[in-house]
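Okay, my_file.csv is below, CSV, C-alpha atoms and all ligand atoms:
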```
chain,number,residue,atom,x,y,z
A,1,MET,CA,-51.9,0.8,-63.4
A,2,ASN,CA,-55.1,-0.7,-64.8
A,3,TYR,CA,-57.6,0.4,-62.2
A,4,THR,CA,-60.5,-1.4,-63.8
A,5,ALA,CA,-58.7,-4.7,-63.4
A,6,LEU,CA,-57.7,-3.7,-59.9
A,7,ALA,CA,-61.3,-2.9,-59.0
A,8,GLU,CA,-62.4,-6.4,-60.1
A,9,LYS,CA,-59.6,-8.0,-58.0
A,10,ILE,CA,-60.7,-5.9,-55.0
A,11,ARG,CA,-64.2,-7.3,-55.4
A,12,ILE,CA,-62.9,-10.9,-55.3
A,13,TRP,CA,-60.7,-10.2,-52.2
A,14,ALA,CA,-63.6,-8.5,-50.5
A,15,ASP,CA,-65.8,-11.5,-51.3
A,16,ALA,CA,-63.3,-13.7,-49.5
A,17,LEU,CA,-63.9,-11.5,-46.4
A,18,ALA,CA,-67.7,-11.9,-46.8
A,19,LEU,CA,-67.9,-8.2,-47.9
A,20,THR,CA,-69.9,-7.1,-50.8
A,21,ILE,CA,-68.5,-3.8,-52.2
A,22,GLY,CA,-69.1,-1.0,-54.6
A,23,PHE,CA,-67.1,2.0,-55.7
A,24,SER,CA,-68.1,5.6,-56.0
A,25,ALA,CA,-66.7,9.1,-56.1
A,26,PRO,CA,-66.5,10.9,-52.7
A,27,ASN,CA,-69.6,13.0,-53.5
A,28,ILE,CA,-72.9,13.2,-51.6
A,29,PRO,CA,-75.8,14.1,-53.9
A,30,GLU,CA,-77.5,17.3,-53.1
A,31,LYS,CA,-80.8,15.7,-52.4
A,32,HIS,CA,-79.3,13.8,-49.4
A,33,GLN,CA,-77.7,17.0,-48.0
A,34,ILE,CA,-81.0,18.8,-48.2
A,35,ALA,CA,-82.8,15.9,-46.6
A,36,MET,CA,-80.3,16.0,-43.7
A,37,GLN,CA,-80.8,19.8,-43.3
A,38,ASN,CA,-84.5,19.4,-43.2
A,39,TRP,CA,-84.3,16.5,-40.7
A,40,LEU,CA,-82.2,18.6,-38.4
A,41,ALA,CA,-84.3,21.7,-38.8
A,42,ALA,CA,-87.4,19.6,-37.7
A,43,GLY,CA,-85.6,18.5,-34.6
A,44,TYR,CA,-86.0,14.8,-35.5
A,45,HIS,CA,-82.4,14.1,-34.3
A,46,GLY,CA,-83.5,14.5,-30.6
A,47,ASP,CA,-80.5,14.6,-28.3
A,48,MET,CA,-78.1,13.5,-31.0
A,49,HIS,CA,-76.5,17.0,-31.2
A,50,PHE,CA,-73.4,15.5,-32.9
A,51,PHE,CA,-75.4,15.6,-36.1
A,52,HIS,CA,-75.1,19.4,-36.0
A,53,HIS,CA,-71.3,19.1,-35.8
A,54,ASN,CA,-69.1,18.4,-38.8
A,55,GLN,CA,-71.9,19.1,-41.3
A,56,GLU,CA,-69.3,20.1,-43.9
A,57,ALA,CA,-67.4,16.8,-43.5
A,58,ARG,CA,-70.7,14.9,-43.8
A,59,SER,CA,-71.5,16.6,-47.1
A,60,ASP,CA,-67.9,16.2,-48.4
A,61,PRO,CA,-66.0,13.0,-47.4
A,62,LYS,CA,-62.8,14.6,-48.7
A,63,ARG,CA,-62.8,16.8,-45.6
A,64,LEU,CA,-62.5,13.7,-43.5
A,65,HIS,CA,-59.6,12.3,-45.5
A,66,PRO,CA,-58.2,14.9,-47.8
A,67,THR,CA,-56.5,12.7,-50.4
A,68,THR,CA,-59.7,10.8,-51.1
A,69,CYS,CA,-60.6,10.2,-54.7
A,70,SER,CA,-62.7,7.0,-54.3
A,71,VAL,CA,-64.9,5.5,-51.7
A,72,ILE,CA,-65.2,1.7,-51.4
A,73,SER,CA,-68.5,1.0,-49.7
A,74,ALA,CA,-69.0,-2.4,-48.2
A,75,ARG,CA,-71.8,-4.4,-46.7
A,76,LEU,CA,-71.5,-7.3,-44.3
A,77,ASN,CA,-74.5,-9.5,-43.4
A,78,TYR,CA,-75.3,-9.9,-39.7
A,79,TRP,CA,-78.5,-12.0,-39.3
A,80,SER,CA,-77.7,-15.2,-37.5
A,81,GLU,CA,-81.1,-16.9,-37.6
A,82,ASP,CA,-84.3,-16.7,-39.5
A,83,LYS,CA,-86.9,-14.2,-38.4
A,84,ASN,CA,-89.3,-16.6,-36.8
A,85,THR,CA,-87.4,-16.5,-33.5
A,86,SER,CA,-87.7,-12.7,-33.6
A,87,LEU,CA,-91.5,-12.8,-34.1
A,88,THR,CA,-91.9,-15.4,-31.3
A,89,VAL,CA,-89.9,-13.2,-28.9
A,90,LEU,CA,-91.9,-10.1,-29.8
A,91,ASN,CA,-95.0,-12.1,-29.0
A,92,THR,CA,-93.7,-13.4,-25.7
A,93,PRO,CA,-93.8,-10.6,-23.1
A,94,SER,CA,-91.7,-12.6,-20.5
A,95,LEU,CA,-88.8,-12.5,-23.0
A,96,GLY,CA,-86.8,-9.4,-24.0
A,97,TYR,CA,-86.2,-8.4,-27.6
A,98,LEU,CA,-82.8,-7.1,-28.7
A,99,SER,CA,-82.0,-5.9,-32.1
A,100,ARG,CA,-80.6,-8.7,-34.2
A,101,TYR,CA,-77.5,-6.7,-35.1
A,102,ALA,CA,-76.4,-6.8,-31.5
A,103,LEU,CA,-76.6,-10.5,-30.6
A,104,GLY,CA,-72.9,-11.2,-31.2
A,105,ARG,CA,-69.6,-9.2,-31.3
A,106,ASP,CA,-69.5,-5.5,-31.8
A,107,TYR,CA,-69.8,-4.9,-35.5
A,108,HIS,CA,-67.6,-1.8,-35.3
A,109,LYS,CA,-64.5,-3.9,-34.5
A,110,VAL,CA,-65.5,-6.8,-36.8
A,111,LEU,CA,-66.2,-4.7,-39.9
A,112,ARG,CA,-63.4,-2.3,-39.3
A,113,HIS,CA,-60.9,-5.2,-39.1
A,114,ARG,CA,-62.2,-6.7,-42.4
A,115,LEU,CA,-61.9,-3.3,-44.1
A,116,LYS,CA,-58.3,-3.1,-42.8
A,117,GLN,CA,-57.6,-6.6,-44.0
A,118,LEU,CA,-58.9,-5.7,-47.5
A,119,CYS,CA,-56.6,-2.6,-47.6
A,120,GLU,CA,-53.6,-4.6,-46.6
A,121,LYS,CA,-54.4,-7.2,-49.3
A,122,ILE,CA,-54.5,-4.4,-51.9
A,123,GLU,CA,-51.2,-3.1,-50.6
A,124,THR,CA,-49.6,-6.5,-51.1
A,125,GLU,CA,-50.7,-6.3,-54.7
A,126,ILE,CA,-49.9,-2.6,-55.6
A,127,GLY,CA,-47.8,-1.3,-52.7
A,128,PRO,CA,-48.7,1.4,-50.2
A,129,PHE,CA,-51.6,3.7,-50.9
A,130,ASN,CA,-53.5,6.2,-48.7
A,131,TRP,CA,-56.6,4.7,-47.1
A,132,ARG,CA,-58.8,5.1,-44.0
A,133,PRO,CA,-61.6,2.7,-43.0
A,134,PHE,CA,-64.9,3.9,-41.3
A,135,THR,CA,-67.6,1.9,-39.6
A,136,ASP,CA,-70.2,4.1,-38.2
A,137,SER,CA,-67.4,6.0,-36.6
A,138,ALA,CA,-67.4,9.4,-38.3
A,139,PRO,CA,-69.8,11.9,-39.9
A,140,ILE,CA,-70.3,10.0,-43.1
A,141,MET,CA,-73.6,9.7,-45.0
A,142,GLU,CA,-73.0,6.0,-45.6
A,143,HIS,CA,-76.4,5.1,-47.0
A,144,ALA,CA,-76.0,7.9,-49.6
A,145,LEU,CA,-72.5,6.6,-50.5
A,146,ALA,CA,-73.6,3.0,-50.7
A,147,GLU,CA,-76.5,4.0,-53.0
A,148,GLN,CA,-74.0,5.8,-55.2
A,149,ALA,CA,-71.9,2.7,-55.2
A,150,GLY,CA,-74.8,0.6,-56.4
A,151,LEU,CA,-75.2,-1.4,-53.2
A,152,GLY,CA,-78.9,-0.8,-53.0
A,153,PHE,CA,-81.7,1.8,-52.6
A,154,ILE,CA,-82.8,3.7,-49.5
A,155,GLY,CA,-86.2,2.4,-48.3
A,156,LYS,CA,-89.0,4.4,-46.7
A,157,HIS,CA,-87.6,3.4,-43.3
A,158,THR,CA,-84.3,5.1,-44.3
A,159,LEU,CA,-82.2,1.9,-44.3
A,160,LEU,CA,-80.4,0.6,-47.3
A,161,ILE,CA,-82.0,-2.3,-49.1
A,162,HIS,CA,-80.5,-4.6,-51.7
A,163,PRO,CA,-83.0,-6.5,-53.8
A,164,LYS,CA,-81.1,-9.7,-53.3
A,165,ALA,CA,-80.1,-9.2,-49.7
A,166,GLY,CA,-82.8,-7.2,-48.0
A,167,SER,CA,-81.5,-4.8,-45.3
A,168,THR,CA,-79.9,-6.9,-42.6
A,169,PHE,CA,-76.3,-5.9,-43.1
A,170,PHE,CA,-73.8,-3.4,-41.7
A,171,LEU,CA,-72.2,-0.7,-43.9
A,172,GLY,CA,-68.6,0.5,-43.8
A,173,GLU,CA,-66.4,2.6,-46.0
A,174,ILE,CA,-62.8,2.9,-47.1
A,175,LEU,CA,-61.8,6.4,-48.3
A,176,CYS,CA,-58.7,6.1,-50.5
A,177,ASP,CA,-56.6,7.8,-53.0
A,178,LEU,CA,-57.0,5.1,-55.8
A,179,PRO,CA,-58.8,6.4,-58.9
A,180,LEU,CA,-61.1,3.3,-59.0
A,181,PRO,CA,-63.9,3.3,-61.6
A,182,ALA,CA,-67.2,4.2,-60.0
A,183,ASP,CA,-70.1,1.7,-60.1
A,184,THR,CA,-73.5,2.6,-61.5
A,185,PRO,CA,-75.5,4.3,-58.7
A,186,THR,CA,-78.8,2.8,-57.7
A,187,THR,CA,-81.5,5.3,-58.8
A,188,HIS,CA,-84.7,3.2,-58.5
A,189,CYS,CA,-86.4,3.0,-55.1
A,190,GLY,CA,-88.0,-0.5,-54.8
A,191,CYS,CA,-90.6,0.5,-52.2
A,192,GLY,CA,-93.3,1.3,-54.7
A,193,PRO,CA,-96.7,1.8,-52.9
A,194,CYS,CA,-95.7,-0.3,-49.9
A,195,THR,CA,-95.9,1.3,-46.5
A,196,ALA,CA,-95.5,-1.8,-44.3
A,197,CYS,CA,-92.7,-0.4,-42.2
A,198,MET,CA,-94.5,2.8,-41.5
A,199,THR,CA,-97.7,1.0,-40.5
A,200,VAL,CA,-96.0,-1.6,-38.3
A,201,CYS,CA,-93.7,0.8,-36.4
A,202,PRO,CA,-94.8,0.5,-32.8
A,203,THR,CA,-94.3,4.2,-32.0
A,204,GLN,CA,-95.1,5.6,-35.5
A,205,ALA,CA,-91.6,7.0,-35.8
A,206,ILE,CA,-91.6,6.9,-39.6
A,207,VAL,CA,-93.4,10.2,-39.8
A,208,ALA,CA,-93.3,10.4,-43.6
A,209,PRO,CA,-91.6,8.2,-46.3
A,210,PHE,CA,-87.9,8.4,-45.8
A,211,THR,CA,-88.2,10.4,-42.6
A,212,VAL,CA,-87.7,9.0,-39.1
A,213,ASP,CA,-88.4,11.1,-36.0
A,214,ALA,CA,-85.7,9.6,-33.8
A,215,ARG,CA,-87.4,11.0,-30.7
A,216,ARG,CA,-90.1,8.3,-31.3
A,217,CYS,CA,-87.8,5.6,-32.6
A,218,ILE,CA,-87.3,2.7,-30.1
A,219,SER,CA,-83.7,2.2,-31.3
A,220,TYR,CA,-83.0,5.8,-30.4
A,221,LEU,CA,-84.9,5.7,-27.1
A,222,THR,CA,-83.3,2.5,-25.8
A,223,ILE,CA,-79.7,3.1,-27.1
A,224,GLU,CA,-79.0,6.8,-27.7
A,225,HIS,CA,-81.3,8.6,-25.3
A,226,ASP,CA,-79.8,9.1,-21.9
A,227,GLY,CA,-82.6,10.3,-19.7
A,228,SER,CA,-86.2,9.4,-18.8
A,229,ILE,CA,-88.3,7.9,-21.6
A,230,ASP,CA,-91.5,9.6,-22.3
A,231,PRO,CA,-94.2,7.7,-20.4
A,232,ALA,CA,-96.6,8.0,-23.4
A,233,LEU,CA,-94.1,5.9,-25.4
A,234,ARG,CA,-93.3,3.3,-22.8
A,235,PRO,CA,-96.3,1.1,-23.3
A,236,LEU,CA,-95.7,1.1,-27.0
A,237,MET,CA,-92.2,-0.3,-26.5
A,238,GLY,CA,-93.5,-3.7,-25.4
A,239,ASN,CA,-90.5,-6.0,-24.6
A,240,ARG,CA,-88.0,-4.2,-26.8
A,241,ILE,CA,-85.0,-3.6,-24.5
A,242,TYR,CA,-82.2,-2.8,-27.0
A,243,GLY,CA,-83.1,-1.5,-30.4
A,244,CYS,CA,-86.0,-2.6,-32.6
A,245,ASP,CA,-86.2,-4.4,-35.9
A,246,ASP,CA,-89.9,-4.1,-36.6
A,247,CYS,CA,-89.5,-2.1,-39.8
A,248,GLN,CA,-87.1,-4.6,-41.1
A,249,LEU,CA,-89.2,-7.6,-40.0
A,250,ALA,CA,-92.1,-6.1,-41.9
A,251,CYS,CA,-90.2,-5.3,-45.1
A,252,PRO,CA,-91.0,-7.6,-48.0
A,253,TRP,CA,-87.5,-7.3,-49.3
A,254,ASN,CA,-86.2,-9.2,-46.3
A,255,LYS,CA,-87.5,-12.3,-47.8
A,256,PHE,CA,-84.2,-12.1,-49.5
A,257,ALA,CA,-82.1,-11.4,-46.3
A,258,GLN,CA,-79.0,-13.5,-46.2
A,259,LEU,CA,-77.7,-15.2,-43.0
A,260,SER,CA,-74.3,-14.2,-41.8
A,261,THR,CA,-71.4,-16.6,-42.4
A,262,SER,CA,-69.4,-15.1,-39.6
A,263,ASP,CA,-69.0,-16.7,-36.2
A,264,ASP,CA,-68.6,-13.1,-34.8
A,265,PHE,CA,-72.3,-12.5,-35.1
A,266,LYS,CA,-73.5,-15.7,-33.5
A,267,THR,CA,-75.7,-15.2,-30.5
A,268,ARG,CA,-74.1,-14.9,-27.2
A,269,HIS,CA,-75.7,-15.6,-23.8
A,270,ASN,CA,-79.0,-16.6,-25.3
A,271,LEU,CA,-79.6,-12.9,-26.2
A,272,ASN,CA,-81.9,-13.9,-29.1
A,273,GLN,CA,-84.6,-15.0,-26.6
A,274,PRO,CA,-83.6,-14.0,-23.1
A,275,ASP,CA,-85.8,-14.2,-20.1
A,276,LEU,CA,-86.5,-10.7,-18.8
A,277,LEU,CA,-86.4,-11.7,-15.1
A,278,SER,CA,-83.0,-13.4,-15.6
A,279,LEU,CA,-81.6,-10.3,-17.2
A,280,TRP,CA,-83.0,-8.2,-14.4
A,281,GLN,CA,-80.9,-10.3,-12.0
A,282,TRP,CA,-77.7,-9.3,-13.7
A,283,SER,CA,-75.5,-7.2,-11.4
A,284,GLU,CA,-73.4,-4.5,-13.1
A,285,THR,CA,-70.4,-6.8,-12.9
A,286,THR,CA,-72.4,-9.6,-14.7
A,287,PHE,CA,-73.6,-7.0,-17.3
A,288,LEU,CA,-70.0,-5.9,-18.0
A,289,ARG,CA,-68.7,-9.4,-18.1
A,290,ASN,CA,-71.4,-11.0,-20.2
A,291,LEU,CA,-71.4,-8.2,-22.7
A,292,GLU,CA,-67.7,-7.9,-23.1
A,293,GLY,CA,-67.1,-7.2,-26.8
A,294,SER,CA,-70.8,-6.6,-27.4
A,295,PRO,CA,-72.2,-3.3,-28.7
A,296,ILE,CA,-74.9,-3.5,-26.0
A,297,ARG,CA,-72.2,-2.7,-23.3
A,298,ARG,CA,-71.9,0.8,-24.7
A,299,ILE,CA,-75.3,1.9,-23.3
A,300,GLY,CA,-74.1,1.2,-19.8
A,301,TYR,CA,-75.8,-0.5,-16.9
A,302,GLN,CA,-78.2,2.3,-16.0
A,303,LYS,CA,-79.9,2.5,-19.4
A,304,TRP,CA,-79.9,-1.3,-19.5
A,305,ARG,CA,-81.9,-1.3,-16.3
A,306,ARG,CA,-84.1,1.5,-17.4
A,307,ASN,CA,-85.1,-0.4,-20.6
A,308,LEU,CA,-85.6,-3.7,-18.7
A,309,ALA,CA,-87.9,-1.9,-16.2
A,310,ILE,CA,-90.1,-0.7,-19.0
A,311,ALA,CA,-90.3,-4.2,-20.5
A,312,LEU,CA,-91.2,-5.7,-17.1
A,313,GLY,CA,-93.9,-3.1,-16.7
A,314,ASN,CA,-95.3,-4.0,-20.1
A,315,ALA,CA,-95.5,-7.7,-19.2
A,316,PRO,CA,-98.8,-9.1,-17.9
A,317,TYR,CA,-99.1,-9.1,-14.1
A,318,ASP,CA,-96.8,-11.6,-12.4
A,319,GLN,CA,-96.0,-11.8,-8.8
A,320,GLN,CA,-92.4,-12.6,-9.4
A,321,ILE,CA,-92.0,-9.5,-11.6
A,322,MET,CA,-93.6,-7.4,-8.9
A,323,GLN,CA,-91.3,-8.7,-6.2
A,324,ALA,CA,-88.2,-8.3,-8.4
A,325,LEU,CA,-89.1,-4.7,-9.2
A,326,GLN,CA,-89.9,-3.8,-5.6
A,327,SER,CA,-86.8,-5.4,-4.2
A,328,ALA,CA,-84.6,-3.5,-6.7
A,329,LEU,CA,-86.0,-0.1,-5.8
A,330,THR,CA,-83.7,0.7,-2.9
A,331,GLN,CA,-80.5,0.0,-4.8
A,332,SER,CA,-81.5,1.9,-7.9
A,333,ASP,CA,-80.5,5.5,-8.8
A,334,ALA,CA,-83.2,8.1,-9.5
A,335,LEU,CA,-83.6,7.4,-13.2
A,336,VAL,CA,-84.0,3.7,-12.9
A,337,ALA,CA,-86.2,4.0,-9.8
A,338,GLU,CA,-88.5,6.3,-11.7
A,339,HIS,CA,-89.0,3.7,-14.4
A,340,ILE,CA,-89.4,1.0,-11.7
A,341,HIS,CA,-92.2,2.9,-10.1
A,342,TRP,CA,-93.8,3.3,-13.5
A,343,ALA,CA,-93.4,-0.5,-14.1
A,344,ILE,CA,-94.9,-1.4,-10.7
A,345,ASP,CA,-97.9,0.9,-11.5
A,346,GLN,CA,-98.3,-0.8,-14.9
A,347,GLN,CA,-98.1,-4.2,-13.3
A,348,THR,CA,-100.9,-3.4,-10.8
A,349,LYS,CA,-103.2,-2.7,-13.8
A,350,THR,CA,-103.9,-6.4,-14.0
A,351,THR,CA,-106.5,-6.3,-16.6
A,352,LYS,CA,-104.5,-4.4,-19.1
A,353,PRO,CA,-103.9,-6.0,-22.5
A,354,ILE,CA,-100.4,-6.8,-23.7
A,355,ALA,CA,-99.0,-3.5,-24.8
A,356,VAL,CA,-98.0,-4.3,-28.3
A,357,ALA,CA,-99.0,-7.5,-30.0
A,358,VAL,CA,-97.1,-8.4,-33.1
A,359,LYS,CA,-99.2,-7.2,-36.0
A,360,LYS,CA,-100.4,-9.5,-38.7
A,361,SER,CA,-98.8,-7.4,-41.3
A,362,TYR,CA,-95.4,-9.0,-40.7
A,363,ILE,CA,-94.5,-11.1,-43.7
A,401,LIG,S1,-91.4,-2.1,-45.7
A,401,LIG,FE1,-92.1,-1.4,-47.8
A,401,LIG,S2,-92.0,0.9,-47.7
A,401,LIG,FE2,-90.8,0.1,-45.9
A,401,LIG,S3,-88.7,0.0,-46.7
A,401,LIG,FE3,-89.6,-2.1,-47.1
A,401,LIG,S4,-90.5,-2.0,-49.2
A,401,LIG,FE4,-90.0,0.1,-48.5
```
What's the structure tokens form of this structure?
Ligand code: SF4
Amino acid sequence: MNYTALAEKIRIWADALALTIGFSAPNIPEKHQIAMQNWLAAGYHGDMHFFHHNQEARSDPKRLHPTTCSVISARLNYWSEDKNTSLTVLNTPSLGYLSRYALGRDYHKVLRHRLKQLCEKIETEIGPFNWRPFTDSAPIMEHALAEQAGLGFIGKHTLLIHPKAGSTFFLGEILCDLPLPADTPTTHCGCGPCTACMTVCPTQAIVAPFTVDARRCISYLTIEHDGSIDPALRPLMGNRIYGCDDCQLACPWNKFAQLSTSDDFKTRHNLNQPDLLSLWQWSETTFLRNLEGSPIRRIGYQKWRRNLAIALGNAPYDQQIMQALQSALTQSDALVAEHIHWAIDQQTKTTKPIAVAVKKSYI
């Protein structure tokens, strides 16, 4: 078997699935393993205790899939519109901001399906081989593998950046037993002296270049964190109700971000610029129905309401908001009620400035 020729064919088949791929050995460079250990030791993972589990597998992908001799890393673009809408929403406190990756279908299913399709295509060419696809679904250091596969460099915000595609893409991997020739790893970090993402982060969560304190990160707080959100951080969250893209919006490399060609990531239910009060009216049934197939559904109705309450509290005083908050109090559980009380208190401070104006440093 000519594996070099096969690798080139796989690239073409991947391209037909809108995947850009690279190949690497299943090895995680030591510097990434050390960085992970230091990050955990500092407690920056917050409540994400699963990072402590499976550390051996995270450092050695062969432990996840023992016959692995190659990793096919893949990226799939997800931006469905230019960033001006994002900036407008961030500057409009009556609207809610949701991370752009979550506006359409759940990427786990979409990307996993495409990786599976790619493997099946390879099998039609060469017959059965041993493979397993991953999409943010196992302890894999996917940025490190993608960097090894030449798909880009890791920026100071810790996301992968490709000089011709920015950072607005998902990553997935196929672990397989084909001895495919490895691509040239990316060794040059393109950040240079830039610190735009660190400066613009609303909660100053990028505590050092290449180090994010998840406990301050709005993506973590609104998605991963289950309990009460630190009142000191709430005003800084502005109208961000599910995730946050500020570091990506500020990054100069995203001048080169590519729009998705997939209908799967098209915006549903006006989620690119939703009215906060309209979202607040959603019952749990509406939440579950409207977000069927969306990654947002995973956080559950309680966290959804908690996040919305904070955004409503951060909006300028509005009698309709006050009424909506007050009338929801009796039907809310303790967690949401606590955030509603906070929001009502914020609303009553009528002279307060808007919590977080979009900074001029966005490109
Ligand atoms: S904003 Fe600047 S420092 Fe941050 S990832 Fe982009 S290039 Fe690097």
The residue from A:Ile34, A:Arg75, A:Ile310, A:Leu335 with the smallest atom-to-atom distance to Asp15 of chain A, counting all atoms listed in the file, is A:Arg75
- Query: Once you count all atoms listed in the file, which residues end up within 12 Å of ligand LIG 401 (chain A), and could you hand them over as number ranges by chain?
  - Reply: A: 152-163, 166-168, 188-201, 206, 208-212, 245-257, 361-363
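For Pro26 of chain A, the non-local neighbours within 6 Å, defined as residues at least 4 positions apart in the same chain or in other chains and counting only C-alpha atoms, are Pro61, Ser70 and Val71 of chain A.
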Find the spatial neighbours of Trp282 of chain A, counting only C-alpha atoms, within a cut-off of 12 Å - ignore same-chain residues fewer than 2 positions away - and output them as a PDB file with C-alpha atoms, in the frame of the given file.
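Once everything was written out, this is part-v3.pdb:
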```
ATOM      1  CA  ASP A 275     -85.800 -14.200 -20.100  1.00  0.00           C
ATOM      2  CA  LEU A 276     -86.500 -10.700 -18.800  1.00  0.00           C
ATOM      3  CA  LEU A 277     -86.400 -11.700 -15.100  1.00  0.00           C
ATOM      4  CA  SER A 278     -83.000 -13.400 -15.600  1.00  0.00           C
ATOM      5  CA  LEU A 279     -81.600 -10.300 -17.200  1.00  0.00           C
ATOM      6  CA  TRP A 280     -83.000  -8.200 -14.400  1.00  0.00           C
ATOM      7  CA  GLU A 284     -73.400  -4.500 -13.100  1.00  0.00           C
ATOM      8  CA  THR A 285     -70.400  -6.800 -12.900  1.00  0.00           C
ATOM      9  CA  THR A 286     -72.400  -9.600 -14.700  1.00  0.00           C
ATOM     10  CA  PHE A 287     -73.600  -7.000 -17.300  1.00  0.00           C
ATOM     11  CA  LEU A 288     -70.000  -5.900 -18.000  1.00  0.00           C
ATOM     12  CA  ARG A 289     -68.700  -9.400 -18.100  1.00  0.00           C
ATOM     13  CA  ASN A 290     -71.400 -11.000 -20.200  1.00  0.00           C
ATOM     14  CA  LEU A 291     -71.400  -8.200 -22.700  1.00  0.00           C
ATOM     15  CA  TYR A 301     -75.800  -0.500 -16.900  1.00  0.00           C
ATOM     16  CA  GLN A 302     -78.200   2.300 -16.000  1.00  0.00           C
ATOM     17  CA  TRP A 304     -79.900  -1.300 -19.500  1.00  0.00           C
ATOM     18  CA  ARG A 305     -81.900  -1.300 -16.300  1.00  0.00           C
ATOM     19  CA  LEU A 308     -85.600  -3.700 -18.700  1.00  0.00           C
ATOM     20  CA  ALA A 324     -88.200  -8.300  -8.400  1.00  0.00           C
ATOM     21  CA  ALA A 328     -84.600  -3.500  -6.700  1.00  0.00           C
TER      22      ALA A 328
END
```
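Nearest residue to Arg105 of chain A, choosing from A:Asp318, A:Glu338, A:Glu292, A:Asp230 and counting only C-alpha atoms: A:Glu292.
What separates atom CA of Pro128 of chain A from atom CA of Ala16 of chain A is a distance of 21.0 Å.
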The residue from A:Gly293, A:Pro274, A:Gly104, A:Gly150 with the smallest atom-to-atom distance to Val89 of chain A, counting all atoms listed in the file, is A:Pro274
Shell of 8 Å around Leu233 of chain A, all atoms listed in the file, local chain residues under 3 positions omitted, as a CSV table (one decimal) with C-alpha atoms, in the frame of the given file:
```csv
chain,number,residue,atom,x,y,z
A,203,THR,CA,-94.3,4.2,-32.0
A,216,ARG,CA,-90.1,8.3,-31.3
A,229,ILE,CA,-88.3,7.9,-21.6
A,230,ASP,CA,-91.5,9.6,-22.3
A,236,LEU,CA,-95.7,1.1,-27.0
A,237,MET,CA,-92.2,-0.3,-26.5
```
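Using only C-alpha atoms for every distance, the candidate list A:Thr85, A:Thr68, A:Gln346, A:Asn54 yields A:Thr85 as the residue closest to Asn272 of chain A.
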Enter the distance from atom CA of Ile344 of chain A to atom CA of Ala311 of chain A, in Å, rounded to one decimal.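 We find that atom CA of Ile344 of chain A and atom CA of Ala311 of chain A lie 11.2 Å from each other.
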Write out as a PyMOL selection string the residues lying within 9 Å of Gln33 of chain A, counting only C-alpha atoms and excluding same-chain residues fewer than 3 positions away. chain A and resi 28-30+36-38+58-59+141
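The gap separating atom CA of Thr135 of chain A from atom CA of Leu171 of chain A is 6.8 Å, in Å to one decimal.
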Could you give me, as a compact mmCIF listing (two decimals) with C-alpha atoms, in the frame of the given file, the residues within 7 Å of segment 172-185 of chain A, counting only C-alpha atoms and dropping anything in the same chain fewer than 3 positions from it?
```txt
# COMPACT_ATOMS: atom_id res chain seq x y z
CA TYR A 3 -57.60 0.40 -62.20
CA THR A 4 -60.50 -1.40 -63.80
CA ALA A 7 -61.30 -2.90 -59.00
CA GLY A 22 -69.10 -1.00 -54.60
CA PHE A 23 -67.10 2.00 -55.70
CA SER A 24 -68.10 5.60 -56.00
CA ALA A 25 -66.70 9.10 -56.10
CA HIS A 65 -59.60 12.30 -45.50
CA THR A 67 -56.50 12.70 -50.40
CA THR A 68 -59.70 10.80 -51.10
CA CYS A 69 -60.60 10.20 -54.70
CA SER A 70 -62.70 7.00 -54.30
CA VAL A 71 -64.90 5.50 -51.70
CA ILE A 72 -65.20 1.70 -51.40
CA SER A 73 -68.50 1.00 -49.70
CA ALA A 74 -69.00 -2.40 -48.20
CA ARG A 75 -71.80 -4.40 -46.70
CA LEU A 111 -66.20 -4.70 -39.90
CA LEU A 115 -61.90 -3.30 -44.10
CA PHE A 129 -51.60 3.70 -50.90
CA ASN A 130 -53.50 6.20 -48.70
CA TRP A 131 -56.60 4.70 -47.10
CA ARG A 132 -58.80 5.10 -44.00
CA PRO A 133 -61.60 2.70 -43.00
CA PHE A 134 -64.90 3.90 -41.30
CA THR A 135 -67.60 1.90 -39.60
CA ASP A 136 -70.20 4.10 -38.20
CA GLU A 147 -76.50 4.00 -53.00
CA GLN A 148 -74.00 5.80 -55.20
CA ALA A 149 -71.90 2.70 -55.20
CA GLY A 150 -74.80 0.60 -56.40
```
Your completed segment 84-90 of chain A with N, CA and C atoms, as an mmCIF file, in the coordinates of the input:
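And here is the file that came out, result-v3.cif:
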```cif
data_model
loop_
_atom_site.group_PDB
_atom_site.id
_atom_site.type_symbol
_atom_site.label_atom_id
_atom_site.label_comp_id
_atom_site.auth_asym_id
_atom_site.auth_seq_id
_atom_site.Cartn_x
_atom_site.Cartn_y
_atom_site.Cartn_z
ATOM 1 N N ASN A 84 -88.260 -16.065 -37.626
ATOM 2 C CA ASN A 84 -89.300 -16.600 -36.800
ATOM 3 C C ASN A 84 -89.052 -16.483 -35.314
ATOM 4 N N THR A 85 -87.773 -16.648 -34.938
ATOM 5 C CA THR A 85 -87.400 -16.500 -33.500
ATOM 6 C C THR A 85 -87.742 -15.042 -33.093
ATOM 7 N N SER A 86 -87.431 -14.083 -33.942
ATOM 8 C CA SER A 86 -87.700 -12.700 -33.600
ATOM 9 C C SER A 86 -89.189 -12.459 -33.358
ATOM 10 N N LEU A 87 -90.018 -13.010 -34.248
ATOM 11 C CA LEU A 87 -91.500 -12.800 -34.100
ATOM 12 C C LEU A 87 -91.983 -13.500 -32.847
ATOM 13 N N THR A 88 -91.432 -14.683 -32.552
ATOM 14 C CA THR A 88 -91.900 -15.400 -31.300
ATOM 15 C C THR A 88 -91.509 -14.581 -30.097
ATOM 16 N N VAL A 89 -90.298 -14.029 -30.077
ATOM 17 C CA VAL A 89 -89.900 -13.200 -28.900
ATOM 18 C C VAL A 89 -90.774 -12.000 -28.752
ATOM 19 N N LEU A 90 -91.057 -11.335 -29.865
ATOM 20 C CA LEU A 90 -91.900 -10.100 -29.800
ATOM 21 C C LEU A 90 -93.303 -10.472 -29.280
#
```
